[in-house]
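J.: Input final25.cif, format and content: mmCIF, C-alpha atoms.
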```cif
data_input
loop_
_atom_site.label_atom_id
_atom_site.label_comp_id
_atom_site.auth_asym_id
_atom_site.auth_seq_id
_atom_site.Cartn_x
_atom_site.Cartn_y
_atom_site.Cartn_z
CA MET A 1 92.87 -60.05 92.25
CA LYS A 2 91.18 -59.73 88.86
CA ARG A 3 90.41 -56.10 88.07
CA ARG A 4 87.28 -56.79 86.08
CA LEU A 5 85.45 -53.66 87.17
CA HIS A 6 88.48 -51.53 86.27
CA HIS A 7 88.68 -53.06 82.79
CA ARG A 8 84.93 -52.82 82.23
CA TRP A 9 84.99 -49.14 83.13
CA MET A 10 87.80 -48.45 80.65
CA GLY A 11 86.20 -50.64 77.99
CA ALA A 12 82.83 -48.93 78.31
CA LEU A 13 84.36 -45.45 78.05
CA ALA A 14 86.52 -46.51 75.09
CA MET A 15 83.54 -48.03 73.24
CA PHE A 16 81.48 -44.91 73.87
CA THR A 17 84.28 -42.66 72.58
CA LEU A 18 84.79 -44.85 69.50
CA ALA A 19 81.06 -44.83 68.75
CA VAL A 20 80.87 -41.04 69.11
CA THR A 21 83.98 -40.58 66.94
CA LEU A 22 82.59 -42.79 64.18
CA LEU A 23 79.21 -41.08 64.36
CA PHE A 24 80.63 -37.56 64.10
CA GLY A 25 83.06 -38.68 61.40
CA LEU A 26 80.09 -39.94 59.40
CA PHE A 27 78.26 -36.67 60.01
CA ALA A 28 81.33 -34.69 58.88
CA MET A 29 81.65 -36.64 55.63
CA ALA A 30 77.93 -36.36 54.97
CA PHE A 31 78.09 -32.61 55.66
CA VAL A 32 80.96 -31.85 53.26
CA TYR A 33 79.40 -33.95 50.49
CA THR A 34 76.02 -32.27 51.02
CA VAL A 35 77.52 -28.78 50.92
CA GLU A 36 79.38 -29.59 47.71
CA ASP A 37 76.23 -31.01 46.07
CA ARG A 38 74.14 -27.99 47.14
CA PHE A 39 76.72 -25.64 45.64
CA LEU A 40 76.60 -27.43 42.26
CA GLU A 41 72.81 -27.64 42.35
CA ARG A 42 72.55 -23.89 43.01
CA LEU A 43 74.78 -23.23 39.99
CA LEU A 44 72.41 -25.22 37.76
CA LEU A 45 69.30 -23.64 39.30
CA GLN A 46 70.63 -20.14 38.62
CA GLU A 47 71.35 -21.05 34.99
CA ALA A 48 67.92 -22.71 34.69
CA ALA A 49 66.25 -19.49 35.92
CA ARG A 50 68.07 -17.46 33.23
CA GLN A 51 67.13 -19.97 30.53
CA GLN A 52 63.45 -20.00 31.48
CA ALA A 53 63.32 -16.17 31.56
CA HIS A 54 64.86 -16.03 28.08
CA TRP A 55 62.38 -18.67 26.81
CA GLN A 56 59.43 -16.70 28.09
CA ALA A 57 60.78 -13.49 26.54
CA GLU A 58 61.90 -14.77 23.14
CA GLY A 59 60.51 -18.31 22.84
CA ARG A 60 63.86 -19.99 22.50
CA TRP A 61 66.78 -21.21 24.65
CA ARG A 62 70.00 -19.27 24.89
CA PRO A 63 73.58 -20.55 25.23
CA PRO A 64 74.41 -21.14 28.94
CA VAL A 65 76.28 -18.37 30.72
CA ALA A 66 77.78 -20.52 33.54
CA ASP A 67 81.13 -22.12 32.81
CA GLY A 68 81.05 -25.88 32.19
CA VAL A 69 77.25 -25.98 31.73
CA SER A 70 75.85 -27.35 28.48
CA LEU A 71 72.32 -27.17 27.04
CA VAL A 72 71.22 -30.60 25.75
CA THR A 73 67.93 -30.66 23.82
CA SER A 74 67.68 -34.40 23.04
CA VAL A 75 68.72 -37.73 24.48
CA ASP A 76 70.93 -38.44 21.46
CA ALA A 77 72.98 -35.36 22.23
CA LEU A 78 73.83 -36.57 25.75
CA PRO A 79 77.37 -37.85 26.48
CA ALA A 80 77.77 -41.55 25.77
CA ASP A 81 78.32 -42.48 29.46
CA LEU A 82 75.27 -40.48 30.53
CA ALA A 83 72.56 -41.36 27.97
CA PRO A 84 71.90 -45.01 29.02
CA THR A 85 71.38 -44.06 32.66
CA LEU A 86 69.07 -41.19 31.79
CA ARG A 87 67.02 -43.33 29.38
CA ALA A 88 66.52 -45.88 32.19
CA ASP A 89 65.71 -43.26 34.83
CA PRO A 90 64.83 -39.79 33.48
CA THR A 91 64.45 -38.45 37.07
CA ARG A 92 68.13 -38.78 37.92
CA ARG A 93 69.88 -35.54 38.89
CA GLU A 94 73.36 -36.90 39.56
CA VAL A 95 75.04 -39.60 37.49
CA PRO A 96 78.58 -41.00 37.82
CA GLY A 97 80.27 -41.40 34.43
CA THR A 98 83.27 -43.32 33.24
CA GLU A 99 86.96 -42.46 33.56
CA GLY A 100 86.32 -40.37 36.66
CA ARG A 101 83.65 -38.12 35.13
CA HIS A 102 80.67 -37.05 37.21
CA TYR A 103 77.50 -35.32 35.88
CA HIS A 104 74.86 -33.09 37.43
CA LEU A 105 71.61 -32.42 35.51
CA GLN A 106 68.74 -29.97 35.75
CA PRO A 107 65.64 -30.29 33.44
CA LEU A 108 64.27 -27.03 32.07
CA GLN A 109 60.72 -28.34 31.66
CA ALA A 110 58.37 -29.49 34.40
CA ALA A 111 58.40 -33.05 33.06
CA ALA A 112 61.55 -35.13 33.39
CA GLY A 113 62.71 -34.82 29.81
CA PRO A 114 64.70 -32.62 27.40
CA PRO A 115 66.02 -30.10 27.34
CA TRP A 116 68.55 -30.45 30.21
CA LEU A 117 71.31 -28.39 31.64
CA VAL A 118 74.26 -30.73 32.03
CA THR A 119 77.57 -30.07 33.72
CA GLU A 120 80.52 -32.40 34.14
CA VAL A 121 81.90 -31.53 37.58
CA SER A 122 84.88 -33.84 38.01
CA GLN A 123 87.23 -30.86 37.82
CA GLN A 124 85.09 -28.80 40.18
CA LEU A 125 84.75 -31.40 42.96
CA ILE A 126 86.50 -30.44 46.15
CA VAL A 127 85.76 -33.32 48.51
CA ARG A 128 86.62 -36.28 46.29
CA PRO A 129 90.25 -35.29 45.63
CA MET A 130 90.86 -34.77 49.31
CA ARG A 131 88.72 -37.65 50.54
CA GLN A 132 91.67 -39.84 51.52
CA ASP A 133 93.29 -36.98 53.39
CA LEU A 134 90.00 -36.13 55.07
CA LEU A 135 89.44 -39.75 56.14
CA GLY A 136 93.01 -39.98 57.38
CA TRP A 137 92.56 -36.75 59.31
CA LEU A 138 89.34 -38.04 60.88
CA ALA A 139 90.94 -41.42 61.69
CA GLY A 140 93.95 -39.74 63.28
CA TRP A 141 91.86 -37.47 65.44
CA GLY A 142 89.56 -40.37 66.26
CA LEU A 143 92.51 -42.47 67.48
CA ALA A 144 93.84 -39.51 69.44
CA THR A 145 90.43 -39.04 71.04
CA LEU A 146 90.23 -42.76 71.79
CA ALA A 147 93.66 -42.68 73.42
CA ALA A 148 92.63 -39.66 75.50
CA ALA A 149 89.43 -41.48 76.49
CA LEU A 150 91.40 -44.56 77.53
CA LEU A 151 93.74 -42.42 79.57
CA LEU A 152 90.82 -40.62 81.18
CA GLY A 153 89.03 -43.93 81.72
CA TRP A 154 92.13 -45.43 83.35
CA TRP A 155 92.41 -42.43 85.66
CA LEU A 156 88.73 -42.46 86.54
CA ALA A 157 88.63 -46.23 86.94
CA ARG A 158 91.66 -46.09 89.19
CA ARG A 159 90.09 -43.38 91.32
CA VAL A 160 86.72 -45.12 91.50
CA THR A 161 87.76 -48.77 91.71
CA ALA A 162 90.82 -48.42 93.94
CA PRO A 163 88.66 -48.08 97.09
CA LEU A 164 86.50 -50.97 95.87
CA GLU A 165 89.59 -53.12 95.30
CA THR A 166 90.84 -52.26 98.77
CA LEU A 167 87.47 -53.12 100.28
CA ALA A 168 87.23 -56.37 98.28
CA ARG A 169 90.76 -57.39 99.29
CA ARG A 170 90.08 -56.79 102.98
CA VAL A 171 86.72 -58.57 102.93
CA THR A 172 88.11 -61.51 100.91
CA ALA A 173 90.88 -61.97 103.46
CA ALA A 174 88.32 -62.34 106.25
CA GLU A 175 88.12 -65.77 107.88
CA PRO A 176 85.84 -66.93 110.69
CA ALA A 177 88.82 -67.32 113.00
CA HIS A 178 90.47 -64.04 111.96
CA LEU A 179 87.89 -61.38 111.16
CA PRO A 180 89.62 -58.15 110.06
CA ASP A 181 89.41 -54.84 111.88
CA GLY A 182 89.12 -51.45 110.21
CA VAL A 183 87.74 -52.52 106.84
CA ALA A 184 86.64 -48.91 106.19
CA GLN A 185 90.02 -47.45 107.20
CA GLY A 186 91.29 -45.07 104.52
CA LEU A 187 88.05 -45.12 102.53
CA GLY A 188 86.36 -41.85 101.66
CA ASP A 189 83.05 -40.43 102.77
CA ASP A 190 81.19 -41.85 99.80
CA GLU A 191 79.21 -44.95 98.87
CA VAL A 192 82.27 -47.21 99.10
CA GLY A 193 83.11 -45.81 102.52
CA ALA A 194 79.52 -46.37 103.63
CA VAL A 195 79.74 -50.02 102.52
CA GLY A 196 83.05 -50.38 104.37
CA ARG A 197 81.62 -48.95 107.57
CA ALA A 198 78.61 -51.24 107.25
CA PHE A 199 81.02 -54.18 106.89
CA ASP A 200 82.91 -53.04 109.98
CA SER A 201 79.67 -52.99 111.95
CA LEU A 202 78.62 -56.39 110.58
CA LEU A 203 82.05 -57.92 111.27
CA ALA A 204 82.02 -56.56 114.82
CA ARG A 205 78.65 -58.21 115.43
CA THR A 206 79.83 -61.41 113.75
CA ARG A 207 83.00 -61.44 115.84
CA ALA A 208 80.96 -61.08 119.02
CA PHE A 209 78.59 -63.80 117.83
CA VAL A 210 81.48 -66.17 117.05
CA GLU A 211 83.02 -65.50 120.45
CA ARG A 212 79.70 -66.24 122.15
CA GLU A 213 79.28 -69.43 120.12
CA GLN A 214 82.80 -70.58 120.91
CA ALA A 215 82.31 -69.85 124.59
CA PHE A 216 78.98 -71.67 124.58
CA THR A 217 80.44 -74.68 122.76
CA ARG A 218 83.40 -74.81 125.14
CA ASP A 219 81.21 -74.48 128.23
CA ALA A 220 78.61 -76.91 126.93
CA SER A 221 81.30 -79.46 126.12
CA HIS A 222 82.56 -79.37 129.70
CA GLU A 223 79.47 -78.57 131.73
CA LEU A 224 77.17 -81.07 129.97
CA ARG A 225 79.37 -83.98 128.96
CA THR A 226 81.12 -84.32 132.29
CA PRO A 227 77.95 -84.59 134.45
CA LEU A 228 76.41 -86.99 131.95
CA ALA A 229 79.49 -89.18 132.05
CA VAL A 230 79.41 -89.19 135.86
CA LEU A 231 75.70 -90.03 135.81
CA ARG A 232 76.22 -92.87 133.32
CA LEU A 233 79.09 -94.38 135.34
CA SER A 234 77.02 -94.17 138.53
CA ILE A 235 74.12 -95.95 136.86
CA GLU A 236 76.44 -98.65 135.54
CA ARG A 237 77.85 -99.21 139.03
CA LEU A 238 74.34 -99.60 140.43
CA GLN A 239 73.49 -102.04 137.64
CA ALA A 240 76.61 -104.04 138.37
CA ASP A 241 75.82 -104.18 142.11
CA ALA A 242 74.35 -107.59 142.93
CA GLY A 243 72.26 -106.11 145.73
CA THR A 244 70.26 -103.85 143.43
CA PRO A 245 66.58 -104.99 143.33
CA GLU A 246 65.21 -106.15 139.97
CA ALA A 247 62.57 -103.41 139.89
CA VAL A 248 65.27 -100.81 140.38
CA ARG A 249 67.39 -102.47 137.67
CA HIS A 250 64.54 -101.99 135.21
CA THR A 251 64.38 -98.29 136.06
CA LEU A 252 68.17 -98.01 135.86
CA ALA A 253 68.13 -99.58 132.40
CA GLY A 254 65.85 -96.85 131.10
CA MET A 255 67.96 -94.19 132.81
CA HIS A 256 71.14 -95.68 131.33
CA ALA A 257 69.70 -95.68 127.81
CA ALA A 258 68.44 -92.14 128.23
CA THR A 259 71.85 -91.04 129.49
CA LEU A 260 73.60 -92.58 126.50
CA LEU A 261 71.21 -90.87 124.13
CA MET A 262 71.66 -87.57 125.94
CA GLU A 263 75.42 -87.91 125.47
CA GLN A 264 74.85 -88.56 121.79
CA THR A 265 72.59 -85.53 121.51
CA VAL A 266 75.12 -83.27 123.21
CA GLN A 267 77.89 -84.58 121.00
CA THR A 268 75.72 -84.04 117.90
CA LEU A 269 74.84 -80.49 118.85
CA LEU A 270 78.50 -79.73 119.48
CA LEU A 271 79.38 -81.13 116.06
CA MET A 272 76.68 -78.99 114.45
CA ALA A 273 78.03 -75.89 116.22
CA ARG A 274 81.38 -76.30 114.50
CA GLU A 275 82.12 -74.79 111.11
CA ARG A 276 81.04 -76.87 108.16
CA PRO A 277 83.95 -78.77 106.59
CA ASP A 278 85.34 -77.65 103.27
CA ALA A 279 83.25 -79.15 100.45
CA ASP A 280 86.33 -79.32 98.21
CA THR A 281 88.03 -81.82 100.52
CA PRO A 282 85.58 -84.69 101.11
CA PRO A 283 86.32 -86.99 104.07
CA GLU A 284 87.89 -90.39 103.61
CA PRO A 285 85.40 -93.30 103.56
CA VAL A 286 84.92 -94.85 107.01
CA ALA A 287 84.31 -98.57 107.59
CA LEU A 288 80.85 -99.17 109.01
CA LEU A 289 81.31 -102.57 110.62
CA PRO A 290 83.79 -101.46 113.34
CA LEU A 291 81.48 -98.58 114.29
CA ALA A 292 78.50 -100.93 114.55
CA GLU A 293 80.48 -103.47 116.58
CA HIS A 294 81.69 -100.73 118.93
CA TRP A 295 78.10 -99.59 119.49
CA VAL A 296 76.99 -103.17 120.20
CA LEU A 297 79.75 -103.70 122.76
CA ALA A 298 78.98 -100.38 124.46
CA HIS A 299 75.28 -101.25 124.73
CA ALA A 300 75.53 -104.99 125.32
CA ASP A 301 73.65 -104.96 128.64
CA TRP A 302 70.95 -102.68 127.26
CA LEU A 303 70.54 -104.81 124.11
CA GLY A 304 70.12 -107.92 126.24
CA ARG A 305 66.97 -106.47 127.75
CA GLN A 306 65.38 -105.32 124.47
CA PRO A 307 62.40 -107.13 122.92
CA LEU A 308 64.04 -106.98 119.47
CA ARG A 309 67.09 -108.75 118.06
CA LEU A 310 69.94 -106.95 116.30
CA GLU A 311 71.43 -108.28 113.07
CA LEU A 312 74.56 -106.81 111.49
CA ALA A 313 74.73 -107.52 107.76
CA LEU A 314 77.78 -105.42 106.99
CA GLY A 315 81.01 -106.36 105.26
CA ARG A 316 84.54 -105.21 105.93
CA GLN A 317 84.54 -103.33 102.63
CA ASP A 318 81.36 -101.34 103.33
CA ARG A 319 82.44 -97.71 103.78
CA LEU A 320 80.71 -94.33 103.74
CA ALA A 321 82.39 -90.99 103.00
CA LEU A 322 81.46 -89.17 106.22
CA PRO A 323 83.48 -88.07 109.25
CA ALA A 324 83.69 -90.92 111.75
CA PRO A 325 82.01 -88.99 114.64
CA VAL A 326 79.10 -88.00 112.39
CA LEU A 327 78.67 -91.54 111.08
CA GLN A 328 78.88 -92.99 114.60
CA LEU A 329 76.21 -90.59 115.85
CA ALA A 330 73.96 -91.33 112.88
CA LEU A 331 74.25 -95.07 113.45
CA ALA A 332 73.62 -94.75 117.18
CA SER A 333 70.59 -92.49 116.68
CA LEU A 334 69.00 -94.70 114.03
CA LEU A 335 69.53 -97.83 116.13
CA ALA A 336 68.07 -96.14 119.20
CA ASN A 337 64.99 -95.08 117.21
CA ALA A 338 64.66 -98.54 115.67
CA PHE A 339 64.68 -100.27 119.07
CA ALA A 340 62.39 -97.64 120.58
CA HIS A 341 59.72 -97.95 117.87
CA GLY A 342 60.24 -101.45 116.50
CA THR A 343 57.62 -104.16 116.81
CA PRO A 344 58.57 -106.51 119.71
CA GLY A 345 59.90 -109.87 118.56
CA GLY A 346 61.23 -108.44 115.29
CA VAL A 347 64.75 -107.89 113.98
CA VAL A 348 66.60 -104.60 113.68
CA ARG A 349 68.87 -105.05 110.68
CA VAL A 350 71.90 -102.93 109.81
CA SER A 351 72.97 -103.51 106.21
CA TRP A 352 74.66 -102.04 103.15
CA LEU A 353 72.08 -101.10 100.50
CA ASP A 354 73.14 -99.70 97.12
CA GLY A 355 76.13 -97.82 98.48
CA ALA A 356 74.36 -96.53 101.60
CA LEU A 357 73.90 -97.41 105.26
CA CYS A 358 70.46 -98.92 105.89
CA VAL A 359 68.83 -99.49 109.30
CA SER A 360 65.50 -101.32 109.09
CA ASN A 361 63.04 -102.51 111.71
CA PRO A 362 59.50 -103.88 111.73
CA SER A 363 56.99 -101.25 112.79
CA SER A 364 53.47 -100.07 112.29
CA GLU A 365 52.55 -97.42 109.74
CA PRO A 366 53.80 -94.04 111.03
CA PRO A 367 51.19 -91.28 111.51
CA PRO A 368 50.59 -88.83 108.64
CA ALA A 369 53.51 -86.50 108.09
CA ASP A 370 53.53 -82.77 108.47
CA ALA A 371 54.58 -81.59 105.03
CA THR A 372 56.37 -78.59 106.46
CA GLU A 373 58.41 -80.55 109.06
CA PRO A 374 58.73 -84.17 107.91
CA TYR A 375 61.52 -84.89 110.41
CA ALA A 376 59.97 -83.24 113.48
CA LYS A 377 59.24 -85.15 116.64
CA GLY A 378 55.70 -86.49 116.56
CA ALA A 379 53.12 -85.45 119.15
CA GLN A 380 52.40 -89.14 119.89
CA SER A 381 56.05 -90.03 120.30
CA SER A 382 57.23 -91.54 123.54
CA GLY A 383 60.80 -91.96 122.35
CA PHE A 384 63.69 -90.10 123.82
CA GLY A 385 66.32 -90.74 121.09
CA LEU A 386 68.21 -88.18 119.11
CA GLY A 387 65.65 -86.25 117.07
CA LEU A 388 65.77 -87.14 113.39
CA SER A 389 65.41 -83.45 112.58
CA ILE A 390 68.76 -82.81 114.29
CA LEU A 391 70.29 -85.85 112.59
CA GLN A 392 69.04 -84.69 109.19
CA ARG A 393 70.56 -81.23 109.70
CA LEU A 394 73.84 -82.79 110.82
CA LEU A 395 74.03 -85.03 107.76
CA VAL A 396 73.12 -82.22 105.36
CA ALA A 397 75.81 -80.05 106.93
CA HIS A 398 78.34 -82.75 106.00
CA GLY A 399 77.08 -83.34 102.48
CA ALA A 400 74.89 -86.39 103.19
CA GLN A 401 71.19 -87.12 103.34
CA LEU A 402 68.76 -89.15 105.40
CA ALA A 403 65.91 -90.87 103.56
CA LEU A 404 63.14 -92.87 105.23
CA ALA A 405 60.46 -95.15 103.85
CA HIS A 406 57.86 -97.54 105.23
CA GLU A 407 56.77 -100.53 103.14
CA GLY A 408 55.39 -103.94 104.02
CA GLY A 409 55.49 -103.31 107.75
CA VAL A 410 59.18 -102.40 107.68
CA THR A 411 60.64 -98.95 108.23
CA ARG A 412 63.97 -98.26 106.52
CA ALA A 413 66.30 -95.39 107.30
CA VAL A 414 69.00 -94.86 104.67
CA VAL A 415 72.05 -92.66 105.11
CA ARG A 416 73.75 -91.83 101.82
CA ALA A 417 76.67 -89.52 101.14
CA GLY A 418 75.71 -86.94 98.52
CA PRO A 419 73.02 -84.31 97.96
CA PRO A 420 69.23 -84.93 98.06
CA PRO A 421 66.64 -85.80 96.97
CA TRP A 422 66.27 -89.57 97.28
CA PRO A 423 63.28 -91.43 95.85
CA GLY A 424 60.86 -93.14 98.16
CA SER A 425 61.51 -90.92 101.19
CA SER A 426 58.67 -90.32 103.58
CA ARG A 427 58.03 -89.27 107.13
CA PRO A 428 60.33 -90.94 109.65
CA PRO A 429 58.99 -92.64 112.73
CA ALA A 430 58.48 -90.30 115.65
CA SER A 431 61.68 -89.87 117.58
#
```
Could I get this structure in the form of structure tokens?
T.:
Amino acid sequence: MKRRLHHRWMGALAMFTLAVTLLFGLFAMAFVYTVEDRFLERLLLQEAARQQAHWQAEGRWRPPVADGVSLVTSVDALPADLAPTLRADPTRREVPGTEGRHYHLQPLQAAAGPPWLVTEVSQQLIVRPMRQDLLGWLAGWGLATLAAALLLGWWLARRVTAPLETLARRVTAAEPAHLPDGVAQGLGDDEVGAVGRAFDSLLARTRAFVEREQAFTRDASHELRTPLAVLRLSIERLQADAGTPEAVRHTLAGMHAATLLMEQTVQTLLLMARERPDADTPPEPVALLPLAEHWVLAHADWLGRQPLRLELALGRQDRLALPAPVLQLALASLLANAFAHGTPGGVVRVSWLDGALCVSNPSSEPPPADATEPYAKGAQSSGFGLGLSILQRLLVAHGAQLALAHEGGVTRAVVRAGPPPWPGSSRPPAS
């Protein structure tokens, strides 16, 4: 399991510590330089006060008392590495010289001009000679602080993320068939523990729901399919009996078709109740022609009594990447709808159209669609086939899509493997 939260916690604390260390290191360097400059400036200000007092008393300047301070009365008397800078900017108070010299100045007049008190302070500087040592000292302590922060961050991240990692590992290991128990076991009475207990409650409800669904699917598979099969076989026996009146045969034909469609509906609902297949392992393409031929053989008697003719325009190479039961149900449902709503005397055609299964039939223009439920059973429908809404949900659950269109008096239903949308889709005929 990738410990991204653990690493982010440590990284954030390390970056914060590094930023604080750099900031306070900058403040420390600025502080020592400022203190040193203020000390030198005070020395010049004290000498300037003595010079101005002597000027007011005697009308002339006196030799400076402070060590290293010179009285310069003209620009020409300035040191050679100081004069050009002062000519360019008479307001300068601190000027770096050549060969390591450094000057501080203080004018004695209100205007920025001569005379000046000038002192060369390279021998009096305290910070510059020890700057490398000071930076090294700050860097060393900064690295030590960063290491301590990383250690603290590792400890804190381990304490904080360990319960989260445990919870994530237990939840990740959960499968629909094997839901874990005791997800919150060993977790503290904190936010992580609260999430774990909420997961335990949710998993308990999910487990009960799955058990109910499995029991329902198992019971429905036996209690619905078996009676329908018995009913269908009984109807087929009555149809095969030569003594059955023709009027009764007509009624039996409708009952037989309805029974077949009920079996398809039950089988479809059972398929939809199962877990969706893994999208990373698509099904192998299934040949369409054998499925269509099997449906024709199973409904041969029923087809013989229909007012429409069936045409199979499929090749042996025509295949669709869908599970065979799903594809068989889709084909049976679309054919049942086509025969139920097709114009008598027309042709129901099953063909391969641009890599998709196409079932077309002549029909009238379907009623206006409900934009919210385009596949819902219409109020004017008299059909009893598998609802196209159910078929659409079944196909979407297996990574396919149903598209319908009506043009030129022909309704086309297209089943294509792959995600929607498909151009030209419209409301299907009422099912």
J.: Excluding Trp295 in chain A and any residue of its chain fewer than 3 positions from it, enumerate the residues within 12 Å of it, using all atoms listed in the file, and give them as a PyMOL selection string.
T.: chain A and resi 260+264+288-292+298-303+310+312+327-336+350
J.: Expressed in Å to a single decimal, how great is the separation between CA of Ile235 in chain A and CA of Gln267 in chain A?
T.: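 CA of Gln267 in chain A lies at a distance of 19.9 Å from CA of Ile235 in chain A.
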J.: Would you translate the PyMOL selection byres ((chain A and resi 41) around 12) into the concrete set of residues it matches in this file, as a PyMOL selection string?
T.: chain A and resi 34-40+42-48+69+93-94+103-107+117-119+121
J.: Which is closer to Tyr33 in chain A than all the others in A:Cys358, A:Arg101, A:Ala313, A:Pro129, using all atoms listed in the file?
T.: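 For Tyr33 in chain A, the nearest of the given residues is A:Pro129.
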J.: Counting only C-alpha atoms, figure out which residue out of A:Asn337, A:Gln317, A:Thr265, A:Thr244 gets nearest to Leu394 in chain A.
T.: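 Counting only C-alpha atoms, the residue closest to Leu394 in chain A is A:Thr265.
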J.: Which residues, named as in the file, does the PyMOL selection byres ((chain A and resi 217-231) around 12) pick out? Answer as an MDAnalysis selection string.
T.: chainID A and resid 210:216 232:238 252 255:275
J.: Provide the CA of Ala253 in chain A to CA of Arg412 in chain A distance in Å, to one decimal place.
T.: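 Interatomic distance, CA of Ala253 in chain A to CA of Arg412 in chain A: 26.2 Å.
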J.: Report the distance between CA of Val95 in chain A and CA of Leu26 in chain A in Å, rounded to one decimal place.
T.: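 CA of Val95 in chain A sits 22.5 Å away from CA of Leu26 in chain A.
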J.: Generate the coordinates of N, CA and C atoms for range 185-203 of chain A; report them as a PDB file, in the frame of the given file.
T.:
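Output (out_28.pdb):
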```pdb
ATOM      1  N   GLN A 185      88.902 -48.362 106.964  1.00  0.00           N
ATOM      2  CA  GLN A 185      90.020 -47.450 107.200  1.00  0.00           C
ATOM      3  C   GLN A 185      90.592 -46.954 105.874  1.00  0.00           C
ATOM      4  N   GLY A 186      90.732 -45.658 105.727  1.00  0.00           N
ATOM      5  CA  GLY A 186      91.290 -45.070 104.520  1.00  0.00           C
ATOM      6  C   GLY A 186      90.292 -44.860 103.406  1.00  0.00           C
ATOM      7  N   LEU A 187      89.069 -45.314 103.556  1.00  0.00           N
ATOM      8  CA  LEU A 187      88.050 -45.120 102.530  1.00  0.00           C
ATOM      9  C   LEU A 187      87.390 -43.759 102.717  1.00  0.00           C
ATOM     10  N   GLY A 188      86.934 -43.183 101.621  1.00  0.00           N
ATOM     11  CA  GLY A 188      86.360 -41.850 101.660  1.00  0.00           C
ATOM     12  C   GLY A 188      84.950 -41.829 102.216  1.00  0.00           C
ATOM     13  N   ASP A 189      84.411 -40.618 102.279  1.00  0.00           N
ATOM     14  CA  ASP A 189      83.050 -40.430 102.770  1.00  0.00           C
ATOM     15  C   ASP A 189      82.081 -40.501 101.593  1.00  0.00           C
ATOM     16  N   ASP A 190      82.057 -41.648 100.952  1.00  0.00           N
ATOM     17  CA  ASP A 190      81.190 -41.850  99.800  1.00  0.00           C
ATOM     18  C   ASP A 190      80.500 -43.198  99.936  1.00  0.00           C
ATOM     19  N   GLU A 191      79.951 -43.694  98.804  1.00  0.00           N
ATOM     20  CA  GLU A 191      79.210 -44.950  98.870  1.00  0.00           C
ATOM     21  C   GLU A 191      80.103 -46.111  99.275  1.00  0.00           C
ATOM     22  N   VAL A 192      81.360 -46.132  98.752  1.00  0.00           N
ATOM     23  CA  VAL A 192      82.270 -47.210  99.100  1.00  0.00           C
ATOM     24  C   VAL A 192      82.609 -47.155 100.582  1.00  0.00           C
ATOM     25  N   GLY A 193      82.850 -45.950 101.093  1.00  0.00           N
ATOM     26  CA  GLY A 193      83.110 -45.810 102.520  1.00  0.00           C
ATOM     27  C   GLY A 193      81.929 -46.248 103.363  1.00  0.00           C
ATOM     28  N   ALA A 194      80.721 -45.943 102.894  1.00  0.00           N
ATOM     29  CA  ALA A 194      79.520 -46.370 103.630  1.00  0.00           C
ATOM     30  C   ALA A 194      79.423 -47.892 103.678  1.00  0.00           C
ATOM     31  N   VAL A 195      79.745 -48.548 102.537  1.00  0.00           N
ATOM     32  CA  VAL A 195      79.740 -50.020 102.520  1.00  0.00           C
ATOM     33  C   VAL A 195      80.798 -50.557 103.475  1.00  0.00           C
ATOM     34  N   GLY A 196      81.995 -49.934 103.465  1.00  0.00           N
ATOM     35  CA  GLY A 196      83.050 -50.380 104.370  1.00  0.00           C
ATOM     36  C   GLY A 196      82.663 -50.250 105.823  1.00  0.00           C
ATOM     37  N   ARG A 197      82.038 -49.128 106.179  1.00  0.00           N
ATOM     38  CA  ARG A 197      81.620 -48.950 107.570  1.00  0.00           C
ATOM     39  C   ARG A 197      80.515 -49.939 107.941  1.00  0.00           C
ATOM     40  N   ALA A 198      79.636 -50.231 106.977  1.00  0.00           N
ATOM     41  CA  ALA A 198      78.610 -51.240 107.250  1.00  0.00           C
ATOM     42  C   ALA A 198      79.247 -52.612 107.477  1.00  0.00           C
ATOM     43  N   PHE A 199      80.305 -52.924 106.685  1.00  0.00           N
ATOM     44  CA  PHE A 199      81.020 -54.180 106.890  1.00  0.00           C
ATOM     45  C   PHE A 199      81.692 -54.208 108.260  1.00  0.00           C
ATOM     46  N   ASP A 200      82.278 -53.086 108.656  1.00  0.00           N
ATOM     47  CA  ASP A 200      82.910 -53.040 109.980  1.00  0.00           C
ATOM     48  C   ASP A 200      81.889 -53.345 111.076  1.00  0.00           C
ATOM     49  N   SER A 201      80.701 -52.731 110.956  1.00  0.00           N
ATOM     50  CA  SER A 201      79.670 -52.990 111.950  1.00  0.00           C
ATOM     51  C   SER A 201      79.226 -54.450 111.930  1.00  0.00           C
ATOM     52  N   LEU A 202      79.044 -55.000 110.704  1.00  0.00           N
ATOM     53  CA  LEU A 202      78.620 -56.390 110.580  1.00  0.00           C
ATOM     54  C   LEU A 202      79.693 -57.338 111.116  1.00  0.00           C
ATOM     55  N   LEU A 203      80.970 -57.055 110.801  1.00  0.00           N
ATOM     56  CA  LEU A 203      82.050 -57.920 111.270  1.00  0.00           C
ATOM     57  C   LEU A 203      82.185 -57.854 112.790  1.00  0.00           C
TER      58      LEU A 203
END
```
